[in-house]
Every structure is written in structure tokens, then in C-alpha cells.
>>> print(open('upload_25.txt').read())   # compact mmCIF, C-alpha atoms
# COMPACT_ATOMS: atom_id res chain seq x y z
CA MET A 1 131.81 80.96 103.39
CA SER A 2 131.69 79.36 106.81
CA ASN A 3 133.27 80.98 109.82
CA LEU A 4 136.40 79.55 111.34
CA ASP A 5 136.07 78.75 115.06
CA VAL A 6 139.21 79.91 116.84
CA LEU A 7 140.16 79.58 120.50
CA LEU A 8 142.84 82.07 121.55
CA LEU A 9 144.68 81.36 124.81
CA ASP A 10 147.24 83.76 126.25
CA ASP A 11 147.70 84.74 129.88
CA GLU A 12 148.37 88.36 128.83
CA PRO A 13 144.98 90.11 128.42
CA ILE A 14 146.35 92.55 125.80
CA VAL A 15 146.98 89.69 123.36
CA GLY A 16 143.32 88.69 123.22
CA LYS A 17 142.20 92.33 123.12
CA ARG A 18 144.40 93.06 120.10
CA LEU A 19 143.89 89.86 118.17
CA LYS A 20 140.19 89.11 118.58
CA PRO A 21 139.00 92.06 116.44
CA ALA A 22 141.76 91.46 113.87
CA LEU A 23 140.67 87.84 113.45
CA ALA A 24 136.94 88.63 113.53
CA LYS A 25 137.53 90.95 110.55
CA VAL A 26 138.55 87.97 108.39
CA GLY A 27 135.58 85.80 109.38
CA CYS A 28 136.85 84.06 112.50
CA GLU A 29 134.58 83.38 115.48
CA VAL A 30 137.04 83.94 118.33
CA GLU A 31 136.78 82.85 121.96
CA VAL A 32 139.51 84.34 124.15
CA PHE A 33 140.85 82.74 127.32
CA GLN A 34 143.56 83.81 129.77
CA ASN A 35 143.22 80.77 132.02
CA PRO A 36 144.48 77.54 130.44
CA VAL A 37 142.35 75.33 132.71
CA GLU A 38 139.17 77.10 131.53
CA ALA A 39 140.37 76.89 127.92
CA LEU A 40 140.90 73.13 128.22
CA LYS A 41 137.36 72.72 129.58
CA ARG A 42 136.00 74.69 126.61
CA ILE A 43 138.05 72.59 124.18
CA ASP A 44 136.37 69.51 125.67
CA GLU A 45 132.93 71.07 125.10
CA LYS A 46 133.33 72.41 121.57
CA PHE A 47 135.23 71.69 118.36
CA PHE A 48 137.58 74.49 117.31
CA ASP A 49 139.12 74.67 113.85
CA VAL A 50 142.15 76.50 115.18
CA VAL A 51 143.63 76.82 118.68
CA VAL A 52 146.20 79.57 119.21
CA THR A 53 148.03 79.10 122.52
CA ASP A 54 150.89 80.76 124.34
CA ILE A 55 153.62 78.28 125.23
CA SER A 56 154.65 79.72 128.59
CA MET A 57 151.81 79.99 131.10
CA ALA A 58 151.74 79.26 134.83
CA GLU A 59 149.27 76.46 135.58
CA VAL A 60 149.25 74.58 132.30
CA ASP A 61 151.77 75.27 129.55
CA GLY A 62 151.11 75.44 125.84
CA MET A 63 152.72 72.04 125.19
CA GLN A 64 150.12 70.44 127.50
CA VAL A 65 147.36 72.34 125.67
CA LEU A 66 148.78 71.09 122.35
CA GLU A 67 148.83 67.47 123.56
CA HIS A 68 145.25 67.81 124.86
CA VAL A 69 143.97 69.24 121.56
CA VAL A 70 145.78 66.66 119.41
CA ALA A 71 144.46 63.82 121.58
CA LYS A 72 140.90 65.18 121.36
CA ASN A 73 140.77 65.96 117.65
CA ASN A 74 143.82 66.00 115.44
CA ALA A 75 141.91 67.92 112.74
CA THR A 76 142.26 71.06 114.88
CA LYS A 77 145.21 73.21 113.79
CA VAL A 78 147.27 74.40 116.76
CA ILE A 79 149.42 77.52 116.50
CA MET A 80 151.94 78.12 119.28
CA ILE A 81 152.90 81.60 120.55
CA THR A 82 156.05 82.20 122.55
CA GLY A 83 157.50 85.29 124.17
CA PHE A 84 161.02 84.04 123.56
CA ALA A 85 161.94 82.52 120.21
CA MET A 86 163.00 79.16 121.61
CA MET A 87 163.61 77.15 118.49
CA SER A 88 164.08 73.83 120.30
CA LEU A 89 160.63 74.25 121.85
CA ALA A 90 159.23 75.23 118.45
CA ARG A 91 160.63 72.04 116.92
CA GLU A 92 159.27 69.97 119.79
CA ALA A 93 155.82 71.56 119.33
CA MET A 94 155.89 70.80 115.60
CA GLU A 95 156.90 67.18 116.30
CA LYS A 96 153.96 66.89 118.69
CA GLY A 97 151.54 68.05 116.01
CA ALA A 98 151.49 71.86 116.09
CA PHE A 99 150.51 73.41 112.77
CA ASP A 100 152.84 76.40 113.15
CA PHE A 101 154.69 78.65 115.54
CA ILE A 102 154.89 82.44 115.98
CA ALA A 103 157.24 84.45 118.22
CA LYS A 104 156.25 87.60 120.12
CA PRO A 105 156.25 90.40 119.29
CA PHE A 106 154.20 89.88 116.14
CA LYS A 107 151.66 91.92 114.20
CA PRO A 108 148.02 90.80 113.89
CA ASP A 109 148.70 90.34 110.16
CA ASP A 110 151.41 87.78 110.93
CA LEU A 111 148.97 85.64 112.90
CA ARG A 112 146.19 86.16 110.36
CA ALA A 113 148.49 84.86 107.62
CA ILE A 114 149.17 81.66 109.61
CA ILE A 115 145.47 81.24 110.42
CA ALA A 116 144.67 81.73 106.71
CA ARG A 117 147.08 78.86 105.90
CA ALA A 118 145.47 76.72 108.61
CA ALA A 119 142.00 77.53 107.21
CA GLU A 120 143.19 76.55 103.73
CA ALA A 121 144.54 73.25 105.12
CA LEU A 122 141.14 72.63 106.74
CA GLY A 123 139.35 73.33 103.47
CA LYS A 124 137.70 76.43 105.00
CA PRO A 125 139.50 79.35 103.35
CA ILE A 126 139.06 82.78 104.93
CA ALA A 127 139.30 86.19 103.26
CA PHE A 128 142.77 87.43 104.06
CA GLU A 129 144.78 90.04 102.22
CA ALA A 130 148.31 90.70 103.46
CA GLY A 131 148.79 94.31 104.46
CA GLU A 132 145.26 94.84 105.80
CA SER A 133 145.34 97.02 108.87
CA ALA A 134 144.28 95.48 112.16
>>> encode(input="upload_25.txt", output="C-alpha cells")
Amino acid sequence: MSNLDVLLLDDEPIVGKRLKPALAKVGCEVEVFQNPVEALKRIDEKFFDVVVTDISMAEVDGMQVLEHVVAKNNATKVIMITGFAMMSLAREAMEKGAFDFIAKPFKPDDLRAIIARAAEALGKPIAFEAGESA
């Protein structure tokens, strides 16, 4: 089983701290970024199977990250995180090519379930059992 390369971008450090180990447990290689500009540079350097990005960030927002990823390689599955469940923004993200959308607060299992679906869609299934502890 091959690992899934995941880039996780959220300007809140706690998000990466909580999610990286939870995703590593199910076979994901996770690179965590808090700065969207640095994340975009890394996306240009390396192919990621999945990009998980917060929508609302200061310098570059998640919609710009989504557009950048889709333009670079539309095989990458992009999952959008938002602190406020803004459904119009969610719909816009989906129209622009996002794979899925998750609203904060969420449990690591919730994100793992979406990443498992993305992995399945990529033909790279990961070992995920709902209800596993983080």
C-alpha cells in the first residue's frame, strides 16, 4: 500500500499539531504549513495527492490555494476547511474543483473519513476505520 502525500495548510498551529499524527496513523505522509505563500511554493515543487486548506487566511485565502492546485494538477484532491460554515463559499469551492468541504470544529476522524474517500477516488485506498481514536 502506497502512502498518500498530504499537504495540510491552516494558519492556526493547533490544527496541524492535532491532525498530522491522526493522518500519519492511516498511512498519510503529511507536510504541515501555516503560511499559505510557503505552502504554494511547496505545491509547485512536489505533487500532493491531497491538499487540505483553510479557507480564511490573511495573505492568501483558501480559494486562491484551490485555484493554484487545480491549475497545477487537477488530479490532486482539495479539501477546504472553514471556521464558519459558509455554505455559499462551500458551493463556490466545489464549483471551482474542490473535492470536499469540512467545517470547524471537526474531529480528526471526520477529516480522515474525507481523506479516505479522496484516496479511494485516487485509486490509493488507505486503511481507515471509523471510530478509531486520534
>>> atom_distance(input="upload_25.txt", atom1="CA of Met63 in chain A", atom2="CA of Val50 in chain A")
15.2 Å
>>> atom_distance(input="upload_25.txt", atom1="CA of Pro105 in chain A", atom2="CA of Thr82 in chain A")
8.8 Å
>>> atom_distance(input="upload_25.txt", atom1="CA of Ala24 in chain A", atom2="CA of Glu45 in chain A")
21.4 Å
>>> residues_around(input="upload_25.txt", residues="Ala116 in chain A", least_positions_apart="3", cutoff="9 Å", atoms="only C-alpha atoms", output="PyMOL selection string")
chain A and resi 26+111-113+119-121+124-128
>>> closest_residue(input="upload_25.txt", among="A:Glu67, A:Asp110, A:Asp61, A:Glu31", to="Leu4 in chain A", atoms="all atoms listed in the file")
A:Glu31
>>> residues_around(input="upload_25.txt", residues="Gln34 in chain A", least_positions_apart="6", cutoff="6 Å", atoms="only C-alpha atoms", output="count of residues only")
3
>>> build_atoms(input="upload_25.txt", residues="range 35-56 of chain A", atoms="N, CA, C and O atoms", output="compact mmCIF listing (two decimals), in the frame of the given file")
# COMPACT_ATOMS: atom_id res chain seq x y z
N ASN A 35 142.97 81.87 131.10
CA ASN A 35 143.22 80.77 132.02
C ASN A 35 143.24 79.45 131.24
O ASN A 35 142.23 79.06 130.65
N PRO A 36 144.39 78.77 131.23
CA PRO A 36 144.48 77.54 130.44
C PRO A 36 143.55 76.42 130.91
O PRO A 36 143.06 75.64 130.09
N VAL A 37 143.24 76.37 132.20
CA VAL A 37 142.35 75.33 132.71
C VAL A 37 140.94 75.53 132.13
O VAL A 37 140.30 74.59 131.67
N GLU A 38 140.48 76.79 132.12
CA GLU A 38 139.17 77.10 131.53
C GLU A 38 139.17 76.82 130.03
O GLU A 38 138.18 76.32 129.47
N ALA A 39 140.27 77.13 129.37
CA ALA A 39 140.37 76.89 127.92
C ALA A 39 140.28 75.40 127.62
O ALA A 39 139.59 74.99 126.68
N LEU A 40 140.94 74.58 128.43
CA LEU A 40 140.90 73.13 128.22
C LEU A 40 139.48 72.59 128.39
O LEU A 40 139.04 71.73 127.63
N LYS A 41 138.76 73.13 129.39
CA LYS A 41 137.36 72.72 129.58
C LYS A 41 136.54 73.06 128.34
O LYS A 41 135.73 72.26 127.88
N ARG A 42 136.75 74.26 127.79
CA ARG A 42 136.00 74.69 126.61
C ARG A 42 136.35 73.83 125.39
O ARG A 42 135.48 73.50 124.59
N ILE A 43 137.60 73.45 125.28
CA ILE A 43 138.05 72.59 124.18
C ILE A 43 137.36 71.23 124.27
O ILE A 43 137.04 70.62 123.24
N ASP A 44 137.09 70.78 125.49
CA ASP A 44 136.37 69.51 125.67
C ASP A 44 134.90 69.63 125.26
O ASP A 44 134.29 68.66 124.85
N GLU A 45 134.35 70.85 125.39
CA GLU A 45 132.93 71.07 125.10
C GLU A 45 132.64 71.32 123.62
O GLU A 45 131.56 71.04 123.14
N LYS A 46 133.60 71.91 122.91
CA LYS A 46 133.33 72.41 121.57
C LYS A 46 134.50 72.12 120.63
O LYS A 46 135.65 72.17 121.05
N PHE A 47 134.18 71.86 119.36
CA PHE A 47 135.23 71.69 118.36
C PHE A 47 135.70 73.06 117.87
O PHE A 47 134.89 73.90 117.52
N PHE A 48 136.99 73.28 117.87
CA PHE A 48 137.58 74.49 117.31
C PHE A 48 138.41 74.11 116.10
O PHE A 48 139.14 73.12 116.13
N ASP A 49 138.31 74.90 115.03
CA ASP A 49 139.12 74.67 113.85
C ASP A 49 140.58 74.96 114.14
O ASP A 49 141.48 74.25 113.71
N VAL A 50 140.79 76.05 114.88
CA VAL A 50 142.15 76.50 115.18
C VAL A 50 142.24 76.86 116.67
O VAL A 50 141.35 77.52 117.21
N VAL A 51 143.32 76.42 117.31
CA VAL A 51 143.63 76.82 118.68
C VAL A 51 144.97 77.54 118.64
O VAL A 51 145.96 77.00 118.14
N VAL A 52 144.98 78.79 119.12
CA VAL A 52 146.20 79.57 119.21
C VAL A 52 146.53 79.65 120.70
O VAL A 52 145.73 80.15 121.48
N THR A 53 147.70 79.12 121.09
CA THR A 53 148.03 79.10 122.52
C THR A 53 149.44 79.60 122.78
O THR A 53 150.37 79.30 122.03
N ASP A 54 149.57 80.35 123.86
CA ASP A 54 150.89 80.76 124.34
C ASP A 54 151.58 79.50 124.87
O ASP A 54 150.92 78.60 125.39
N ILE A 55 152.90 79.44 124.71
CA ILE A 55 153.62 78.28 125.23
C ILE A 55 153.85 78.41 126.73
O ILE A 55 153.62 77.48 127.49
N SER A 56 154.28 79.60 127.17
CA SER A 56 154.65 79.72 128.59
C SER A 56 153.55 80.37 129.40
O SER A 56 153.29 81.56 129.30
